[in-house]
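Student: First the structure, which I've put down as structure tokens, then a few questions once you've had a look.
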Amino acid sequence: MKIGTILRSPLLHFFVLGGLVFGFYAVTAPPEARAPRDDVLRLTEAEMNRMADSFLAAWGRAPTEAESRGLVRDWAIEEVMVREALALGLDKGDAMIRNRLRTKMEFLAEAPAAAMTPDDAALEAYYAQNAAAYARPAQVSFTQVLLPGDATAEEVAALRAELEQGADPGGIGQATMLPTRLEAMAAPAVERVFGGGFGGAVAGLPLSAWSGPLSSGYGQHLVRLDAVEAAQLPPLERLRDKVIADWRSAEARKMRTAFTEELLSRYRPDLPGDDAAEQP
């Protein structure tokens, strides 16, 4: 390989630049930053077991002797890289590292909640306070006919009369992919299919009578409400596992908030727009 080619190599430029950075740091860093550091790499048994468990989870088998040596060497490389990066202050001002550290602190604050189990009274109280989140929504069964977009009031009245006389709803009105009959459909689902407001309008119709027209995202409909079931709150035992999980999540949020406030109380804020920071 020619000397000129080597000198133009981006890899050579990288190593030269890296050497300059480390050399500059060695000269300009304050004495405390260049103080001797612990140069012993200690791999604990717990860390070795963690690496073996990770390998087993990924590959479905224990590592071979050669693979174990590779894992240990990779750990050593990571350890020295991390130590040198911290010594150079590469963690400072890094948004990703800051976010990761914050996440770990929040995890420490919330972790005890995962092992907590509420007594029956606490669980029942939580369930009652959050009943709206667990209640089965109202359900409606109805039959609908989509009207032609250019139907006149007289034509709509004629179609309704046919329906009231027992005509097949599937053979009347504008052809559509919408089902004619919808059975026990949750009100929120009706809203998603037909558009906002349609489910509530249907639920308020008189039973067993053709009504309308009602507007939806598809156009105008004649609708017969066949049945309606009010929202119901299932027994706690039916949802017990989910409610306990939600209770733990709520407790974790409380712990995080309390932990955060306790940490903030250790510091005197000096923040823009903070009136408390301006007080002596």
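In the structure tokens, each chain is lettered A, B, ... as it comes, each chain's residues begin at 1, and ligands are numbered from 1 in order of appearance.
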Neighbours of Ile172 of chain A within 7 Å (only C-alpha atoms; same-chain residues fewer than 3 positions away dropped), as a short mmCIF file (atom, residue, chain, number, x, y, z; two decimals) with all heavy atoms, in the first residue's frame?
Tutor:
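Final output, saved to out.cif:
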```cif
data_model
loop_
_atom_site.label_atom_id
_atom_site.label_comp_id
_atom_site.auth_asym_id
_atom_site.auth_seq_id
_atom_site.Cartn_x
_atom_site.Cartn_y
_atom_site.Cartn_z
N VAL A 145 -80.77 1.64 8.71
CA VAL A 145 -80.89 1.71 7.25
C VAL A 145 -80.26 3.02 6.81
O VAL A 145 -80.67 4.10 7.27
CB VAL A 145 -82.36 1.65 6.80
CG1 VAL A 145 -82.48 1.93 5.30
CG2 VAL A 145 -82.97 0.29 7.12
N ASP A 168 -88.19 -5.76 4.88
CA ASP A 168 -86.85 -6.20 5.25
C ASP A 168 -85.89 -5.01 5.22
O ASP A 168 -85.67 -4.42 4.15
CB ASP A 168 -86.37 -7.28 4.29
CG ASP A 168 -84.96 -7.77 4.61
OD1 ASP A 168 -84.43 -7.42 5.69
OD2 ASP A 168 -84.38 -8.49 3.77
N PRO A 169 -85.27 -4.64 6.37
CA PRO A 169 -84.36 -3.48 6.37
C PRO A 169 -83.16 -3.67 5.44
O PRO A 169 -82.63 -2.69 4.92
CB PRO A 169 -83.91 -3.41 7.84
CG PRO A 169 -84.98 -4.11 8.61
CD PRO A 169 -85.46 -5.20 7.71
#
```
Student: Please identify the helix (DSSP H, G or I) residues within segment 82-232 of chain A (assignment by DSSP from backbone atoms) and present them as number ranges by chain.
Tutor: A: 82-87, 95-115, 120-129, 131-134, 153-164, 169-171, 187-194, 198-203
Student: Using atom CA of Tyr134 of chain A and atom CA of Val202 of chain A as the two end points, give the distance in Å to one decimal.
Tutor: 23.1 Å
Student: In Å, rounded to a single decimal, give me how far atom CA of Gly173 of chain A is from atom CA of Val223 of chain A.
Tutor: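 Spanning atom CA of Val223 of chain A to atom CA of Gly173 of chain A is a straight-line distance of 11.9 Å.
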Student: Please determine, counting only C-alpha atoms, which residue among A:Ala76, A:Arg256, A:Pro235, A:Glu162 has the shortest atom-to-atom distance to Arg102 of chain A.
Tutor: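 Using only C-alpha atoms, the shortest distance to Arg102 of chain A belongs to A:Arg256.
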Student: Just how far from atom CA of Arg192 of chain A is atom CA of Pro148 of chain A, in Å to one decimal?
Tutor: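 Interatomic distance, atom CA of Pro148 of chain A to atom CA of Arg192 of chain A: 22.0 Å.
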Student: Contacts of Ala151 of chain A at 12 Å or less, counting only C-alpha atoms, minus same-chain residues fewer than 5 places along, as a list of chain:residue names?
Tutor: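 After dropping sequence-adjacent residues, the list is A:Leu146, A:Val156, A:Ala157, A:Ala158, A:Leu159, A:Gly173, A:Gln174, A:Pro213, A:Gly219, A:Gln220, A:His221.
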Student: Selection from above, N, CA and C atoms, as a tab-separated table (two decimals), in the first residue's frame, can you write it?
Tutor:
```tsv
chain	number	residue	atom	x	y	z
A	146	LEU	N	-79.27	2.92	5.94
A	146	LEU	CA	-78.62	4.12	5.42
A	146	LEU	C	-79.46	4.69	4.28
A	156	VAL	N	-88.04	9.77	2.53
A	156	VAL	CA	-87.67	9.23	3.83
A	156	VAL	C	-88.91	8.75	4.57
A	157	ALA	N	-89.99	9.54	4.52
A	157	ALA	CA	-91.23	9.15	5.19
A	157	ALA	C	-91.79	7.86	4.58
A	158	ALA	N	-91.65	7.72	3.26
A	158	ALA	CA	-92.16	6.51	2.60
A	158	ALA	C	-91.34	5.29	3.02
A	159	LEU	N	-90.02	5.43	3.11
A	159	LEU	CA	-89.17	4.32	3.55
A	159	LEU	C	-89.48	3.91	4.98
A	173	GLY	N	-83.14	1.25	1.26
A	173	GLY	CA	-82.13	2.28	1.45
A	173	GLY	C	-80.93	2.08	0.55
A	174	GLN	N	-79.87	2.80	0.88
A	174	GLN	CA	-78.65	2.79	0.06
A	174	GLN	C	-77.79	1.58	0.41
A	213	PRO	N	-84.44	10.74	10.70
A	213	PRO	CA	-83.06	10.31	10.44
A	213	PRO	C	-82.07	10.79	11.51
A	219	GLY	N	-73.71	9.31	6.66
A	219	GLY	CA	-74.89	9.97	6.11
A	219	GLY	C	-76.04	9.94	7.09
A	220	GLN	N	-77.25	9.83	6.54
A	220	GLN	CA	-78.46	9.81	7.35
A	220	GLN	C	-78.99	8.38	7.48
A	221	HIS	N	-79.48	8.05	8.67
A	221	HIS	CA	-79.97	6.69	8.94
A	221	HIS	C	-81.36	6.73	9.56
```
Student: As a PyMOL selection string, which residues of segment 21-268 of chain A does DSSP assign to strand (DSSP E or B)?
Tutor: chain A and resi 136+139-146+181-186+207+210-215+220-229+232
Student: Rank A:Val190, A:Leu88, A:Ala113, A:Val72 by their smallest atom-to-atom distance to Ala252 of chain A, using only C-alpha atoms, and report the top residue only.
Tutor: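 Once distances to Ala252 of chain A are computed over only C-alpha atoms, the minimum belongs to A:Ala113.
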Student: So that I can see what lies close to segment 41-43 of chain A, please list as number ranges by chain the residues with an atom at most 12 Å from it, counting only C-alpha atoms and leaving out residues fewer than 5 positions away in the same chain.
Tutor: A: 48-51, 71-83
Student: Include N, CA and C atoms and write out the residues we just selected as a compact mmCIF listing (two decimals), in the first residue's frame.
Tutor:
```
# COMPACT_ATOMS: atom_id res chain seq x y z
N MET A 48 -21.03 -12.33 37.25
CA MET A 48 -20.80 -13.49 36.39
C MET A 48 -22.08 -14.30 36.20
N ASN A 49 -22.83 -14.47 37.27
CA ASN A 49 -24.09 -15.21 37.17
C ASN A 49 -25.09 -14.46 36.29
N ARG A 50 -25.09 -13.12 36.40
CA ARG A 50 -26.00 -12.34 35.58
C ARG A 50 -25.68 -12.51 34.10
N MET A 51 -24.39 -12.49 33.77
CA MET A 51 -24.00 -12.67 32.37
C MET A 51 -24.37 -14.05 31.87
N LEU A 71 -17.23 -13.77 27.28
CA LEU A 71 -18.11 -12.90 28.06
C LEU A 71 -17.32 -12.10 29.08
N VAL A 72 -16.36 -12.76 29.73
CA VAL A 72 -15.54 -12.08 30.74
C VAL A 72 -14.69 -10.99 30.08
N ARG A 73 -14.10 -11.31 28.93
CA ARG A 73 -13.29 -10.31 28.23
C ARG A 73 -14.15 -9.13 27.79
N ASP A 74 -15.34 -9.42 27.30
CA ASP A 74 -16.22 -8.33 26.87
C ASP A 74 -16.60 -7.46 28.06
N TRP A 75 -16.83 -8.08 29.23
CA TRP A 75 -17.13 -7.29 30.43
C TRP A 75 -15.95 -6.39 30.78
N ALA A 76 -14.73 -6.95 30.68
CA ALA A 76 -13.54 -6.17 31.02
C ALA A 76 -13.38 -4.98 30.07
N ILE A 77 -13.64 -5.22 28.78
CA ILE A 77 -13.54 -4.12 27.81
C ILE A 77 -14.57 -3.04 28.12
N GLU A 78 -15.80 -3.46 28.42
CA GLU A 78 -16.84 -2.48 28.76
C GLU A 78 -16.46 -1.72 30.01
N GLU A 79 -15.91 -2.42 31.01
CA GLU A 79 -15.56 -1.77 32.28
C GLU A 79 -14.49 -0.71 32.08
N VAL A 80 -13.45 -1.03 31.32
CA VAL A 80 -12.38 -0.04 31.14
C VAL A 80 -12.86 1.12 30.28
N MET A 81 -13.72 0.84 29.29
CA MET A 81 -14.27 1.91 28.47
C MET A 81 -15.10 2.87 29.32
N VAL A 82 -15.92 2.31 30.21
CA VAL A 82 -16.77 3.14 31.06
C VAL A 82 -15.91 3.96 32.01
N ARG A 83 -14.92 3.33 32.61
CA ARG A 83 -14.06 4.06 33.54
C ARG A 83 -13.35 5.22 32.85
```
Student: Taking only C-alpha atoms into account, which of A:Gln129, A:Thr103, A:Gln139, A:Ser208 comes nearest Leu163 of chain A?
Tutor: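 Among the listed residues, the smallest separation from Leu163 of chain A belongs to A:Ser208.
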Student: Can you pull out every residue within 10 Å of Gly204 of chain A, counting only C-alpha atoms, but drop anything in the same chain fewer than 3 positions away, and send it as number ranges by chain?
Tutor: A: 199-201, 207, 225, 228
Student: Save out the residues we just selected, N, CA, C and O atoms, as a short mmCIF file (atom, residue, chain, number, x, y, z; two decimals), in the first residue's frame.
Tutor:
```cif
data_model
loop_
_atom_site.label_atom_id
_atom_site.label_comp_id
_atom_site.auth_asym_id
_atom_site.auth_seq_id
_atom_site.Cartn_x
_atom_site.Cartn_y
_atom_site.Cartn_z
N GLY A 199 -73.75 7.06 18.88
CA GLY A 199 -74.09 6.07 19.90
C GLY A 199 -75.01 6.64 20.96
O GLY A 199 -75.98 5.99 21.37
N GLY A 200 -74.73 7.86 21.42
CA GLY A 200 -75.59 8.47 22.42
C GLY A 200 -76.98 8.75 21.89
O GLY A 200 -77.97 8.58 22.60
N ALA A 201 -77.04 9.16 20.61
CA ALA A 201 -78.35 9.41 20.00
C ALA A 201 -79.17 8.13 19.89
O ALA A 201 -80.38 8.12 20.15
N LEU A 207 -87.70 2.37 22.35
CA LEU A 207 -87.49 0.99 21.96
C LEU A 207 -88.50 0.54 20.91
O LEU A 207 -89.65 0.97 20.91
N LEU A 225 -84.15 1.05 17.73
CA LEU A 225 -83.44 0.56 18.91
C LEU A 225 -84.15 -0.70 19.40
O LEU A 225 -85.33 -0.66 19.78
N VAL A 228 -81.32 -2.14 24.96
CA VAL A 228 -80.27 -1.33 25.57
C VAL A 228 -79.97 -1.88 26.96
O VAL A 228 -80.89 -2.21 27.71
#
```
Student: Hey, what's within 10 Å of Gly217 of chain A if we count only C-alpha atoms and toss same-chain stuff fewer than 3 positions away? As a list in words, please?
Tutor: Glu191, Arg192, Val193, Phe194, Gly195, Gly196, Phe198 and Gln220 of chain A
Student: Find the spatial neighbours of Tyr126 of chain A, counting only C-alpha atoms, within a cut-off of 10 Å - ignore same-chain residues fewer than 3 positions away - and output them as a PyMOL selection string.
Tutor: chain A and resi 118+120-123+129-131+243-244+246-247+250
Student: Could you check the closest approach to Arg160 of chain A for each of A:Ala175, A:Ala230, A:Met116, A:Leu147 and tell me which residue wins, using only C-alpha atoms?
Tutor: A:Leu147
